[in-house]
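Novice: Pasting structure_21.txt here (compact mmCIF, C-alpha atoms and all ligand atoms):
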```txt
# COMPACT_ATOMS: atom_id res chain seq x y z
CA MET A 4 39.37 74.06 55.78
CA ILE A 5 41.35 70.83 55.42
CA PRO A 6 43.82 69.05 57.74
CA PHE A 7 47.50 69.79 57.29
CA GLU A 8 48.38 66.25 56.11
CA GLU A 9 45.80 66.51 53.35
CA ALA A 10 47.06 69.92 52.24
CA LYS A 11 50.64 68.70 52.12
CA ALA A 12 49.62 65.61 50.13
CA ILE A 13 47.73 67.76 47.60
CA VAL A 14 50.75 70.02 47.15
CA LEU A 15 53.05 67.04 46.61
CA ASP A 16 50.58 65.40 44.22
CA ASN A 17 50.68 68.52 42.09
CA THR A 18 54.31 68.75 41.16
CA ALA A 19 55.34 69.79 37.68
CA ASN A 20 58.04 68.63 35.31
CA PHE A 21 60.11 71.52 34.01
CA GLY A 22 62.22 69.34 31.70
CA ALA A 23 65.98 69.30 31.40
CA ILE A 24 68.44 71.87 30.11
CA LYS A 25 72.13 71.81 29.28
CA VAL A 26 74.26 74.08 31.44
CA ASP A 27 77.92 74.93 31.42
CA LEU A 28 79.97 73.01 33.96
CA ASP A 29 80.85 76.28 35.70
CA THR A 30 77.20 76.88 36.57
CA ALA A 31 76.24 73.27 37.36
CA VAL A 32 77.01 73.20 41.09
CA GLY A 33 73.82 72.87 43.14
CA GLN A 34 71.81 71.59 40.16
CA TYR A 35 70.35 68.08 39.81
CA LEU A 36 71.80 65.80 37.17
CA ALA A 37 69.36 64.86 34.40
CA GLU A 38 71.63 62.32 32.71
CA THR A 39 73.61 59.24 33.68
CA VAL A 40 77.30 59.97 33.39
CA ARG A 41 79.72 57.29 32.24
CA THR A 42 83.48 57.37 31.95
CA ASP A 43 84.67 58.10 28.42
CA ARG A 44 88.04 56.38 29.10
CA ASP A 45 89.54 54.19 31.77
CA PHE A 46 90.13 55.82 35.19
CA PRO A 47 93.09 56.27 35.29
CA PRO A 48 93.45 56.27 31.52
CA PHE A 49 96.94 54.68 31.53
CA ASN A 50 99.28 52.99 33.99
CA ARG A 51 100.11 56.15 35.92
CA VAL A 52 103.38 56.60 37.74
CA THR A 53 102.70 57.70 41.35
CA LYS A 54 106.25 58.60 42.52
CA ASP A 55 109.14 60.51 41.02
CA GLY A 56 111.94 57.95 40.45
CA ILE A 57 112.84 55.27 37.94
CA ALA A 58 110.87 52.56 36.15
CA ILE A 59 112.44 49.12 35.68
CA ALA A 60 111.49 45.66 34.47
CA PHE A 61 111.04 43.74 37.74
CA GLU A 62 112.47 40.55 36.23
CA ALA A 63 115.92 42.22 36.07
CA TYR A 64 115.75 43.10 39.79
CA GLU A 65 114.51 39.60 40.60
CA SER A 66 117.47 38.07 38.84
CA GLY A 67 119.77 40.07 41.14
CA GLN A 68 120.53 43.26 39.22
CA ARG A 69 120.80 46.41 41.38
CA GLU A 70 122.50 48.93 39.07
CA PHE A 71 120.55 50.37 36.15
CA LYS A 72 121.81 52.76 33.50
CA LEU A 73 119.32 55.56 32.91
CA THR A 74 118.21 55.94 29.29
CA GLY A 75 115.59 58.69 29.28
CA ILE A 76 112.99 60.68 31.20
CA ALA A 77 109.20 60.21 31.07
CA ALA A 78 107.46 63.38 32.25
CA ALA A 79 103.73 63.83 32.90
CA GLY A 80 102.18 64.93 29.62
CA THR A 81 104.66 63.23 27.29
CA PRO A 82 103.73 60.25 25.09
CA GLU A 83 104.55 56.74 26.23
CA LEU A 84 108.25 55.77 26.15
CA GLU A 85 109.58 52.24 25.74
CA LEU A 86 112.38 50.49 27.63
CA ASN A 87 114.16 48.35 25.06
CA ASP A 88 116.91 46.96 27.28
CA LYS A 89 115.62 45.33 30.44
CA LEU A 90 118.95 45.90 32.18
CA GLN A 91 118.42 49.66 31.97
CA ALA A 92 115.84 52.04 33.50
CA ILE A 93 113.92 55.17 32.56
CA GLU A 94 113.46 58.10 34.94
CA VAL A 95 109.75 58.70 35.50
CA MET A 96 107.84 61.59 37.03
CA THR A 97 104.57 61.43 38.98
CA GLY A 98 101.67 61.49 36.51
CA ALA A 99 103.73 60.13 33.60
CA MET A 100 102.70 57.10 31.51
CA LEU A 101 104.58 54.05 32.72
CA PRO A 102 107.06 53.21 29.91
CA LEU A 103 106.38 50.08 27.89
CA GLY A 104 108.59 47.23 29.02
CA THR A 105 108.61 48.36 32.67
CA ASP A 106 106.35 47.27 35.50
CA THR A 107 107.83 48.68 38.72
CA VAL A 108 108.73 52.18 39.96
CA ILE A 109 111.32 53.00 42.62
CA MET A 110 111.28 56.46 44.19
CA TYR A 111 114.36 58.68 44.15
CA GLU A 112 114.70 58.52 47.95
CA GLN A 113 115.47 54.78 47.68
CA LEU A 114 118.14 55.20 45.01
CA ASN A 115 121.70 56.34 44.80
CA ILE A 116 122.27 57.95 41.40
CA GLN A 117 125.82 58.50 40.16
CA ASP A 118 127.08 59.22 36.63
CA GLY A 119 123.79 58.31 34.98
CA THR A 120 123.39 55.03 36.84
CA ALA A 121 120.84 54.32 39.58
CA ILE A 122 121.74 51.91 42.36
CA ILE A 123 118.78 50.42 44.23
CA GLU A 124 119.20 50.55 48.02
CA LYS A 125 115.89 49.16 49.27
CA THR A 126 113.80 46.06 48.74
CA VAL A 127 111.49 46.38 45.74
CA LYS A 128 108.07 44.83 45.18
CA GLN A 129 106.82 44.10 41.68
CA GLY A 130 104.23 46.64 40.49
CA GLN A 131 104.91 49.19 43.21
CA ASN A 132 104.12 52.90 42.77
CA ILE A 133 101.83 52.40 39.80
CA HIS A 134 98.16 53.41 39.64
CA LYS A 135 96.91 50.71 37.26
CA GLN A 136 94.94 51.70 34.16
CA GLY A 137 91.17 51.30 34.76
CA SER A 138 91.66 50.32 38.42
CA ASP A 139 89.30 53.10 39.66
CA GLU A 140 86.68 52.76 36.91
CA PRO A 141 86.82 50.97 33.57
CA ARG A 142 85.73 52.91 30.46
CA GLY A 143 81.94 53.10 30.06
CA SER A 144 81.12 52.53 33.70
CA VAL A 145 78.52 54.70 35.41
CA VAL A 146 80.21 57.23 37.67
CA LEU A 147 77.30 59.58 38.39
CA GLU A 148 73.66 58.55 38.63
CA LYS A 149 70.83 60.60 37.17
CA GLY A 150 69.08 62.73 39.80
CA LEU A 151 71.96 63.38 42.15
CA ARG A 152 72.79 66.85 43.37
CA ILE A 153 75.95 68.18 41.78
CA SER A 154 78.48 69.21 44.44
CA PRO A 155 82.09 70.28 43.89
CA ALA A 156 83.18 66.59 44.01
CA GLU A 157 80.83 65.74 41.11
CA ILE A 158 82.08 68.80 39.18
CA GLY A 159 85.58 67.27 39.29
CA VAL A 160 84.29 63.95 37.92
CA LEU A 161 82.27 65.70 35.19
CA ALA A 162 85.34 67.68 34.17
CA SER A 163 87.48 64.57 33.99
CA VAL A 164 85.02 62.79 31.68
CA GLY A 165 84.89 65.81 29.37
CA LYS A 166 81.41 67.10 30.22
CA LYS A 167 81.77 70.82 29.53
CA GLN A 168 77.98 70.90 29.13
CA VAL A 169 75.83 68.83 31.44
CA ALA A 170 72.10 68.06 31.42
CA VAL A 171 70.34 69.16 34.62
CA TYR A 172 66.68 69.37 35.62
CA ARG A 173 65.38 72.84 34.92
CA LYS A 174 64.30 74.74 38.00
CA PRO A 175 61.08 76.75 37.79
CA LYS A 176 61.05 80.52 37.25
CA VAL A 177 59.31 82.09 40.22
CA ALA A 178 57.43 85.39 40.51
CA ILE A 179 57.38 86.65 44.10
CA ILE A 180 54.32 88.85 44.51
CA ALA A 181 53.76 90.96 47.59
CA THR A 182 50.24 92.34 47.82
CA GLY A 183 48.88 95.12 49.96
CA ASN A 184 48.38 98.89 49.95
CA GLU A 185 50.30 99.22 53.19
CA LEU A 186 53.54 97.89 51.72
CA VAL A 187 56.33 100.23 50.73
CA ALA A 188 59.80 99.72 49.33
CA VAL A 189 62.56 98.79 51.76
CA GLU A 190 64.58 101.93 51.02
CA THR A 191 61.73 104.31 51.91
CA THR A 192 60.82 105.71 55.34
CA PRO A 193 57.35 104.30 56.00
CA LYS A 194 54.52 106.54 57.16
CA PRO A 195 52.94 105.39 60.43
CA HIS A 196 50.38 103.20 58.64
CA GLN A 197 52.88 101.65 56.25
CA ILE A 198 55.08 98.53 56.41
CA ARG A 199 58.28 97.72 54.54
CA THR A 200 57.81 94.74 52.26
CA SER A 201 59.96 92.21 54.11
CA ASN A 202 58.26 88.99 52.93
CA ALA A 203 59.21 89.55 49.33
CA TYR A 204 62.83 89.80 50.41
CA SER A 205 62.95 86.77 52.69
CA ILE A 206 61.33 84.62 50.00
CA ALA A 207 63.75 85.92 47.38
CA ALA A 208 66.65 85.07 49.69
CA ALA A 209 65.29 81.58 50.33
CA LEU A 210 64.94 81.01 46.57
CA GLU A 211 68.44 82.32 46.07
CA GLU A 212 69.73 79.67 48.52
CA LEU A 213 67.84 77.03 46.52
CA GLY A 214 69.41 78.26 43.27
CA VAL A 215 65.99 79.21 41.86
CA SER A 216 65.64 82.29 39.66
CA TRP A 217 63.02 84.86 40.70
CA GLU A 218 61.58 88.29 40.02
CA ARG A 219 59.85 90.43 42.60
CA PHE A 220 56.59 92.35 42.18
CA HIS A 221 54.37 94.46 44.37
CA LEU A 222 50.64 94.69 43.61
CA LYS A 223 48.15 97.00 45.27
CA ASP A 224 44.82 95.72 46.65
CA GLN A 225 42.97 96.82 43.52
CA PRO A 226 40.96 94.12 41.76
CA GLU A 227 41.53 95.29 38.18
CA GLU A 228 45.26 95.79 38.67
CA LEU A 229 45.54 92.42 40.43
CA LYS A 230 43.59 90.68 37.70
CA SER A 231 45.62 91.87 34.75
CA ALA A 232 48.96 91.56 36.54
CA LEU A 233 48.28 88.04 37.84
CA LYS A 234 47.07 86.91 34.42
CA ASN A 235 50.17 88.30 32.82
CA LEU A 236 52.52 86.82 35.40
CA SER A 237 50.95 83.37 35.16
CA LEU A 238 51.84 83.37 31.45
CA LYS A 239 55.46 84.25 32.09
CA PHE A 240 56.37 82.26 35.19
CA ASP A 241 56.22 78.62 36.23
CA VAL A 242 55.31 79.49 39.81
CA LEU A 243 53.67 82.44 41.51
CA VAL A 244 54.49 82.83 45.21
CA LEU A 245 52.12 85.41 46.64
CA SER A 246 51.96 86.82 50.10
CA GLY A 247 48.97 88.54 51.62
CA GLY A 248 45.37 89.09 50.66
CA VAL A 249 44.10 85.54 51.20
CA SER A 250 42.21 85.87 54.47
CA LYS A 251 38.69 87.10 55.24
CA GLY A 252 39.24 90.85 54.98
CA LYS A 253 37.29 93.24 52.75
CA TYR A 254 40.39 93.74 50.60
CA ASP A 255 41.55 90.13 50.48
CA TYR A 256 40.83 89.71 46.75
CA ILE A 257 43.45 87.13 45.85
CA PRO A 258 41.38 83.89 46.00
CA GLU A 259 38.52 85.19 43.87
CA ILE A 260 40.84 86.85 41.37
CA LEU A 261 42.97 83.76 40.95
CA GLU A 262 39.84 81.80 40.12
CA ALA A 263 38.59 84.57 37.81
CA ILE A 264 41.76 84.32 35.68
CA GLY A 265 41.28 80.59 35.13
CA THR A 266 43.26 79.17 38.02
CA SER A 267 41.77 76.15 39.76
CA LYS A 268 41.75 76.20 43.51
CA LEU A 269 43.08 72.96 44.99
CA PHE A 270 42.46 74.11 48.53
CA HIS A 271 42.02 77.24 50.61
CA ARG A 272 42.58 77.31 54.39
CA VAL A 273 44.41 74.63 56.32
CA GLN A 274 44.04 73.50 59.93
CA GLN A 275 47.43 74.85 60.92
CA ARG A 276 49.06 77.77 62.73
CA PRO A 277 50.74 79.81 61.46
CA GLY A 278 49.76 79.82 57.81
CA LYS A 279 46.08 78.92 58.05
CA PRO A 280 44.58 80.96 55.17
CA PHE A 281 46.97 79.40 52.59
CA TRP A 282 45.47 79.16 49.08
CA PHE A 283 46.96 76.68 46.62
CA GLY A 284 46.06 76.16 43.00
CA LYS A 285 47.09 75.53 39.44
CA ASN A 286 46.54 77.23 36.14
CA LYS A 287 46.36 74.09 34.01
CA LYS A 288 46.32 75.95 30.70
CA GLU A 289 49.52 77.83 31.45
CA ASN A 290 50.96 75.07 33.64
CA THR A 291 51.54 77.56 36.45
CA THR A 292 51.47 76.57 40.11
CA ILE A 293 50.27 79.16 42.60
CA PHE A 294 51.23 79.32 46.24
CA ALA A 295 49.25 82.18 47.78
CA PHE A 296 50.56 82.45 51.32
CA PRO A 297 49.00 84.45 54.14
CA GLY A 298 50.73 87.78 54.57
CA ASN A 299 51.87 87.61 58.18
CA PRO A 300 55.66 87.29 57.96
CA ALA A 301 55.90 84.08 59.99
CA SER A 302 53.03 82.57 57.99
CA THR A 303 54.61 83.24 54.60
CA PHE A 304 58.00 82.12 55.88
CA ALA A 305 56.74 78.91 57.50
CA ASN A 306 54.55 77.92 54.58
CA PHE A 307 57.33 78.51 52.10
CA HIS A 308 59.46 75.93 53.96
CA ILE A 309 56.59 73.56 54.77
CA TYR A 310 55.11 73.38 51.26
CA PHE A 311 57.17 75.07 48.57
CA VAL A 312 60.56 73.54 49.43
CA PRO A 313 59.42 69.86 49.39
CA TRP A 314 57.31 70.60 46.30
CA LEU A 315 60.38 71.99 44.53
CA TYR A 316 62.52 68.98 45.51
CA LYS A 317 59.89 66.62 44.19
CA CYS A 318 59.71 68.56 40.90
CA LEU A 319 63.47 68.04 40.67
CA HIS A 320 63.03 64.27 41.14
CA GLN A 321 64.30 64.25 44.72
CA GLU A 322 62.89 62.15 47.54
CA PRO A 323 61.25 64.41 50.13
CA GLU A 324 63.40 64.73 53.22
CA LEU A 325 61.82 63.89 56.55
CA HIS A 326 63.73 65.05 59.61
CA LYS A 327 62.71 63.90 63.06
CA ILE A 328 63.79 65.76 66.14
CA GLN A 329 63.49 65.21 69.88
CA LEU A 330 61.79 67.86 71.99
CA VAL A 331 63.63 69.24 75.01
CA ASP A 332 60.57 71.32 75.97
CA ALA A 333 57.01 70.16 76.45
CA PHE A 334 54.19 71.81 74.49
CA ASN A 335 50.49 71.40 75.07
CA ASN A 336 48.82 71.89 71.70
CA ASP A 337 45.23 72.21 72.82
CA LEU A 338 44.00 73.52 69.45
CA PRO A 339 42.58 71.42 66.60
CA LEU A 340 45.37 72.83 64.41
CA THR A 341 48.81 71.47 63.48
CA ARG A 342 51.22 73.91 65.10
CA PHE A 343 54.55 74.90 63.60
CA VAL A 344 56.61 76.20 66.47
CA ARG A 345 59.85 78.06 65.90
CA SER A 346 62.67 76.09 67.40
CA TYR A 347 66.39 75.89 67.67
CA ALA A 348 67.77 72.50 66.63
CA SER A 349 71.18 71.30 67.69
CA LEU A 350 73.03 68.05 67.36
CA THR A 351 73.57 66.54 70.80
CA LYS A 352 74.91 63.02 71.35
CA ASN A 353 74.27 62.16 67.70
CA ARG A 354 70.61 63.16 67.76
CA LEU A 355 68.86 66.35 66.79
CA GLU A 356 67.12 68.06 69.65
CA ALA A 357 64.80 71.05 69.52
CA LYS A 358 64.44 73.88 71.96
CA LEU A 359 61.20 75.76 71.40
CA ILE A 360 61.29 79.51 70.80
CA LEU A 361 57.94 80.92 71.76
CA GLY A 362 57.56 84.03 69.61
CA ASN A 363 54.92 86.68 69.61
CA GLY A 364 52.52 85.26 67.00
CA SER A 365 52.55 85.18 63.21
CA GLY A 366 53.58 88.80 62.85
CA ASP A 367 56.74 88.31 64.90
CA LEU A 368 59.51 88.44 62.35
CA THR A 369 62.52 88.83 64.60
CA SER A 370 62.08 85.58 66.54
CA LEU A 371 62.48 83.76 63.20
CA CYS A 372 66.13 84.76 63.34
CA LYS A 373 66.64 83.01 66.67
CA ALA A 374 65.23 79.76 65.25
CA ASN A 375 66.69 77.41 62.67
CA GLY A 376 63.45 75.64 61.90
CA PHE A 377 59.94 74.73 62.93
CA VAL A 378 58.79 71.65 64.82
CA GLU A 379 55.52 70.19 63.58
CA LEU A 380 53.18 69.49 66.48
CA ALA A 381 50.05 67.42 65.94
CA PRO A 382 46.64 68.93 66.89
CA ASP A 383 44.98 68.32 70.27
CA CYS A 384 48.04 66.70 71.74
CA LEU A 385 50.24 67.12 74.77
CA HIS A 386 53.79 66.89 73.44
CA LYS A 387 56.17 65.73 76.15
CA ILE A 388 59.90 66.23 76.63
CA GLY A 389 61.66 63.49 74.66
CA ASP A 390 58.91 63.09 72.04
CA TRP A 391 60.12 62.74 68.45
CA VAL A 392 58.40 65.13 66.05
CA PRO A 393 58.93 66.26 62.43
CA PHE A 394 61.30 69.18 61.93
CA ILE A 395 61.32 71.66 59.06
CA PRO A 396 64.71 73.34 58.80
CA THR A 397 64.95 76.97 57.77
CA LYS A 398 68.70 77.32 58.21
CA ARG A 399 71.67 75.03 57.72
CA ILE A 400 72.22 73.15 60.99
CA ILE A 401 75.56 71.44 60.36
N1 LIG B 1 38.47 87.25 60.26
C1 LIG B 1 39.61 86.65 60.09
N2 LIG B 1 40.73 87.36 60.05
C2 LIG B 1 41.92 86.77 59.88
C3 LIG B 1 41.99 85.38 59.77
C4 LIG B 1 40.81 84.63 59.81
O1 LIG B 1 40.80 83.40 59.71
N3 LIG B 1 39.63 85.32 59.96
N4 LIG B 1 43.21 84.80 59.64
C5 LIG B 1 44.34 85.49 60.18
C6 LIG B 1 45.54 84.86 59.79
S1 LIG B 1 45.83 83.39 60.50
C7 LIG B 1 46.44 85.43 58.96
S2 LIG B 1 47.94 84.68 58.72
C8 LIG B 1 46.20 86.68 58.29
C9 LIG B 1 46.50 86.55 56.81
O2 LIG B 1 45.96 87.58 56.13
P1 LIG B 1 46.25 87.88 54.61
O3 LIG B 1 46.87 86.76 53.93
O4 LIG B 1 44.99 88.38 54.05
O5 LIG B 1 47.36 88.98 54.68
P2 LIG B 1 47.23 90.55 54.81
O6 LIG B 1 46.01 90.86 55.53
O7 LIG B 1 47.47 91.13 53.49
O8 LIG B 1 48.49 90.81 55.73
C10 LIG B 1 48.59 90.29 57.01
C11 LIG B 1 49.71 91.00 57.75
O9 LIG B 1 50.96 90.74 57.11
C12 LIG B 1 51.58 91.95 56.69
N5 LIG B 1 52.21 91.74 55.40
C13 LIG B 1 51.59 91.40 54.26
N6 LIG B 1 52.49 91.29 53.27
C14 LIG B 1 53.67 91.60 53.78
C15 LIG B 1 54.98 91.71 53.23
N7 LIG B 1 55.23 91.47 51.93
N8 LIG B 1 56.00 92.04 54.05
C16 LIG B 1 55.74 92.29 55.37
N9 LIG B 1 54.54 92.20 55.94
C17 LIG B 1 53.51 91.89 55.16
C18 LIG B 1 50.43 92.93 56.58
O10 LIG B 1 50.87 94.25 56.66
C19 LIG B 1 49.54 92.49 57.73
O11 LIG B 1 49.98 93.03 58.93
O12 LIG B 1 44.86 87.08 58.45
C20 LIG B 1 44.37 86.97 59.79
N10 LIG B 1 43.06 87.53 59.83
O1 LIG B 2 47.76 81.39 60.53
MO1 LIG B 2 48.08 83.00 60.65
O2 LIG B 2 49.25 82.48 59.56
O3 LIG B 2 48.38 82.38 62.25
O4 LIG B 2 48.90 84.23 61.38
```
What does this structure look like when you write it as structure tokens?
Ligand SMILES: Nc1nc2c(c(=O)[nH]1)N[C@H]1C(S)=C(S)[C@@H](COP(=O)(O)OP(=O)(O)OC[C@H]3O[C@@H](n4cnc5c(N)ncnc54)[C@H](O)[C@@H]3O)O[C@H]1N2
Ligand code: MOO
Specialist:
Amino acid sequence: MIPFEEAKAIVLDNTANFGAIKVDLDTAVGQYLAETVRTDRDFPPFNRVTKDGIAIAFEAYESGQREFKLTGIAAAGTPELELNDKLQAIEVMTGAMLPLGTDTVIMYEQLNIQDGTAIIEKTVKQGQNIHKQGSDEPRGSVVLEKGLRISPAEIGVLASVGKKQVAVYRKPKVAIIATGNELVAVETTPKPHQIRTSNAYSIAAALEELGVSWERFHLKDQPEELKSALKNLSLKFDVLVLSGGVSKGKYDYIPEILEAIGTSKLFHRVQQRPGKPFWFGKNKKENTTIFAFPGNPASTFANFHIYFVPWLYKCLHQEPELHKIQLVDAFNNDLPLTRFVRSYASLTKNRLEAKLILGNGSGDLTSLCKANGFVELAPDCLHKIGDWVPFIPTKRII
């Protein structure tokens, strides 16, 4: 058995690189950019008119002229026009290219237009109502850095620089494997000794939220079946997330079978609660990472968030997030185990505070719904009200 800090460090030291893939812009949201994106033209690409009105040469206005004969209309989407006579003006629409020979735009509301002539009724400043070419970003400048998470705002930028396909870090393909003879499908009515396979669903949902593709399997506690299925699955998937069968029971075959199929154990059993019998390893030949979580629902659920989520972020070249939270309840952890206590975090006076939700042990699934994360409480320690402790979110808080 190893301390929690050591286990976490081993997991984070054993990340994998799944390379980069090109995806269509429509599927890129939530992915992590694997290329540096530069502008392919100036932003904006031309001197862009920002008000519907007229464009004039300011020097004519400066020399006292107030009446301008209108000689044409520049609409958004039409090629650049040219004003040949500085004593005249061209009507311009928002989004149009500013006509050559003009440098100032006056909006319709400040004009009196009669018989094709515009009379200026307000004071005019040179260069007004023009979004200057390249004033946001010159051509070739970096607009999106490699590694950032693509949100709808970045999608807009990618679209405007012509990136219909974008390189993103590939996320691993995950096999979710529930083990146990007692488990039955969700849609069945369980016999008294049977349990519906909830873990495989909560993990699938958590992966779904992370945008990770998954397939779900159920394996019985039968060594031969486990052996061939696990061997097969480690060839096809980047990650196996197992639940159950890792403790001390007579039918807890998973650790020995994982080793028998060529997987190296990196650790088994951690000084923590819940989640103590966690087994972690790697199949170096197949480059498969194996998270074999203890079967109790709270144990699988907690360990998924404690280990798998930061491991995934690191694989995707993201800095691990460390949230600290202030306790509003005291907790005497008198065990030599790191405790992960369900808690409800809320933002109060600009700081995150955690109310502890004392559930009914690792099998208590329903109290997980009342919590939005776990606080991490150090072993053999009296945690007082107001102490700052690490927080592992399991739901979106803001
Ligand atoms: N002698 C010892 N016994 C146990 C120890 C120990 O150290 N010594 N550790 C306990 C701890 S802590 C945990 S956690 C469990 C973990 O056991 P396993 O990983 O072997 O899990 P199972 O025995 O297969 O299942 C435990 C429990 O969870 C239910 N389960 C399993 N899979 C699912 C699923 N997909 N959906 C819903 N529920 C599931 C299963 O029915 C059991 O009730 O071991 C303790 N024992
Ligand atoms: O550690 Mo177990 O995961 O407490 O129930």
Novice: Using all atoms listed in the file, which of A:Tyr204, A:Tyr35, A:Phe220, A:Tyr64 sits nearest Leu147 (chain A)?
Specialist: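 Nearest to Leu147 (chain A): A:Tyr35.
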Novice: Show me which residues line ligand LIG 2 (chain B), defined as having an atom within 6 Å of a ligand atom where only C-alpha atoms and all ligand atoms count, and present them as a count of residues only.
Specialist: 8
Novice: Take every atom of ligand LIG 1 (chain B) listed in the file, fit an axis-aligned box around them, add 6 Å per side, and give the centre and edge lengths in Å to one decimal as AutoDock Vina command-line options.
Specialist:
```
--center_x 47.2 --center_y 88.8 --center_z 56.2 --size_x 29.5 --size_y 22.9 --size_z 20.6
```
Novice: What residues have any atom no more than 8 Å from ligand LIG 1 (chain B) when counting all atoms listed in the file, and can you list them as a VMD selection string?
Specialist: chain A and resid 180 to 183 185 to 186 197 to 204 246 to 252 254 to 255 276 to 281 296 to 300 302 to 303 365 to 366
Novice: Quick one: of A:Arg345, A:Ala381, A:Thr74, A:Ile122, who's nearest to Gly364 (chain A), counting all atoms listed in the file?
Specialist: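 Among the listed residues, the smallest separation from Gly364 (chain A) belongs to A:Arg345.
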Novice: Give me the residues within 8 Å of Cys384 (chain A) as an mmCIF file with C-alpha atoms, keeping the file's coordinate frame, counting only C-alpha atoms and dropping any in the same chain fewer than 3 places off.
Specialist:
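The resulting file, out.cif, is reproduced below:
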```cif
data_model
loop_
_atom_site.group_PDB
_atom_site.id
_atom_site.type_symbol
_atom_site.label_atom_id
_atom_site.label_comp_id
_atom_site.auth_asym_id
_atom_site.auth_seq_id
_atom_site.Cartn_x
_atom_site.Cartn_y
_atom_site.Cartn_z
ATOM 1 C CA ASN A 335 50.490 71.400 75.070
ATOM 2 C CA ASN A 336 48.820 71.890 71.700
ATOM 3 C CA ASP A 337 45.230 72.210 72.820
ATOM 4 C CA LEU A 380 53.180 69.490 66.480
ATOM 5 C CA ALA A 381 50.050 67.420 65.940
#
```
Novice: Please compute the CA of His221 (chain A)-CA of Leu243 (chain A) distance, one decimal, in Å.
Specialist: 12.4 Å
Novice: May I ask which of the residues A:Thr30, A:Ala301, A:Val392, A:Glu212 is the closest one to Ala374 (chain A), counting only C-alpha atoms?
Specialist: A:Ala301
Novice: Mind giving me the straight-line distance from CA of Val145 (chain A) to CA of Val40 (chain A) in Å, one decimal?
Specialist: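 It comes out at 5.8 Å.
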Novice: So, counting all atoms listed in the file, which residue among A:Gln274, A:Gln329, A:Asn184, A:Thr18 is closest to Ser349 (chain A)?
Specialist: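 Residue with the minimum atom-to-atom distance to Ser349 (chain A): A:Gln329.
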Novice: Could you list, as a JSON list (two decimals) with C-alpha atoms, in the coordinates of the input, every residue within 8 Å of region 315-319 of chain A, counting all atoms listed in the file and ignoring same-chain residues fewer than 6 positions away?
Specialist:
```json
[["chain", "number", "residue", "atom", "x", "y", "z"],
["A", 15, "LEU", "CA", 53.05, 67.04, 46.61],
["A", 18, "THR", "CA", 54.31, 68.75, 41.16],
["A", 19, "ALA", "CA", 55.34, 69.79, 37.68],
["A", 20, "ASN", "CA", 58.04, 68.63, 35.31],
["A", 21, "PHE", "CA", 60.11, 71.52, 34.01],
["A", 35, "TYR", "CA", 70.35, 68.08, 39.81],
["A", 150, "GLY", "CA", 69.08, 62.73, 39.80],
["A", 172, "TYR", "CA", 66.68, 69.37, 35.62],
["A", 173, "ARG", "CA", 65.38, 72.84, 34.92],
["A", 174, "LYS", "CA", 64.30, 74.74, 38.00]]
```
Novice: Could you work out how far CA of Ser216 (chain A) lies from CA of Lys288 (chain A), giving the answer in Å with one decimal?
Specialist: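 Interatomic distance, CA of Lys288 (chain A) to CA of Ser216 (chain A): 22.2 Å.
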Novice: Counting all atoms listed in the file, which residues in region 124-189 of chain A sit no more than 6 Å from region 41-53 of chain A? For each one, give the nearest pair of atoms and the distance in Å, sorted by chain then residue number, as a tab-separated table.
Specialist:
```
residue	atom	partner	partner_atom	distance
A:Asn132	CA	A:Thr53	CA	5.2
A:Ile133	CA	A:Val52	CA	4.9
A:His134	CA	A:Arg51	CA	5.0
A:Lys135	CA	A:Asn50	CA	4.6
A:Gln136	CA	A:Phe49	CA	4.4
A:Gly137	CA	A:Asp45	CA	4.5
A:Asp139	CA	A:Phe46	CA	5.3
A:Glu140	CA	A:Phe46	CA	4.9
A:Pro141	CA	A:Asp45	CA	4.6
A:Arg142	CA	A:Asp45	CA	4.2
A:Gly143	CA	A:Thr42	CA	4.9
A:Ser144	CA	A:Arg41	CA	5.2
A:Val145	CA	A:Arg41	CA	4.3
A:Val146	CA	A:Arg41	CA	5.5
A:Val164	CA	A:Thr42	CA	5.6
```
Novice: Enumerate, in order of chain and increasing residue number, the residues of region 248-365 of chain A with an atom no farther than 10 Å from region 232-236 of chain A, each with its shortest atom pair and distance in Å to one decimal, counting only C-alpha atoms, as a Markdown table.
Specialist:
```
| residue | atom | partner | partner_atom | distance |
| --- | --- | --- | --- | --- |
| A:Ile257 | CA | A:Leu233 | CA | 9.4 |
| A:Ile260 | CA | A:Leu233 | CA | 8.3 |
| A:Leu261 | CA | A:Leu233 | CA | 7.5 |
| A:Ala263 | CA | A:Lys234 | CA | 9.4 |
| A:Ile264 | CA | A:Lys234 | CA | 6.0 |
| A:Gly265 | CA | A:Lys234 | CA | 8.6 |
| A:Thr266 | CA | A:Lys234 | CA | 9.3 |
| A:Asn286 | CA | A:Lys234 | CA | 9.8 |
| A:Glu289 | CA | A:Lys234 | CA | 9.9 |
| A:Thr291 | CA | A:Leu236 | CA | 9.4 |
```
Novice: What's around region 106-111 of chain A at 6 Å? Count all atoms listed in the file, leave out sequence neighbours fewer than 4 positions away in its own chain, and write the answer as a PDB file with C-alpha atoms, in the frame of the given file.
Specialist:
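The resulting file, around30.pdb, is reproduced below:
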```pdb
ATOM      1  CA  LYS A  54     106.250  58.600  42.520  1.00  0.00           C
ATOM      2  CA  ASP A  55     109.140  60.510  41.020  1.00  0.00           C
ATOM      3  CA  GLY A  56     111.940  57.950  40.450  1.00  0.00           C
ATOM      4  CA  ILE A  57     112.840  55.270  37.940  1.00  0.00           C
ATOM      5  CA  ALA A  58     110.870  52.560  36.150  1.00  0.00           C
ATOM      6  CA  ILE A  59     112.440  49.120  35.680  1.00  0.00           C
ATOM      7  CA  ALA A  60     111.490  45.660  34.470  1.00  0.00           C
ATOM      8  CA  PHE A  61     111.040  43.740  37.740  1.00  0.00           C
ATOM      9  CA  GLN A 129     106.820  44.100  41.680  1.00  0.00           C
ATOM     10  CA  GLY A 130     104.230  46.640  40.490  1.00  0.00           C
ATOM     11  CA  GLN A 131     104.910  49.190  43.210  1.00  0.00           C
ATOM     12  CA  ASN A 132     104.120  52.900  42.770  1.00  0.00           C
TER      13      ASN A 132
END
```
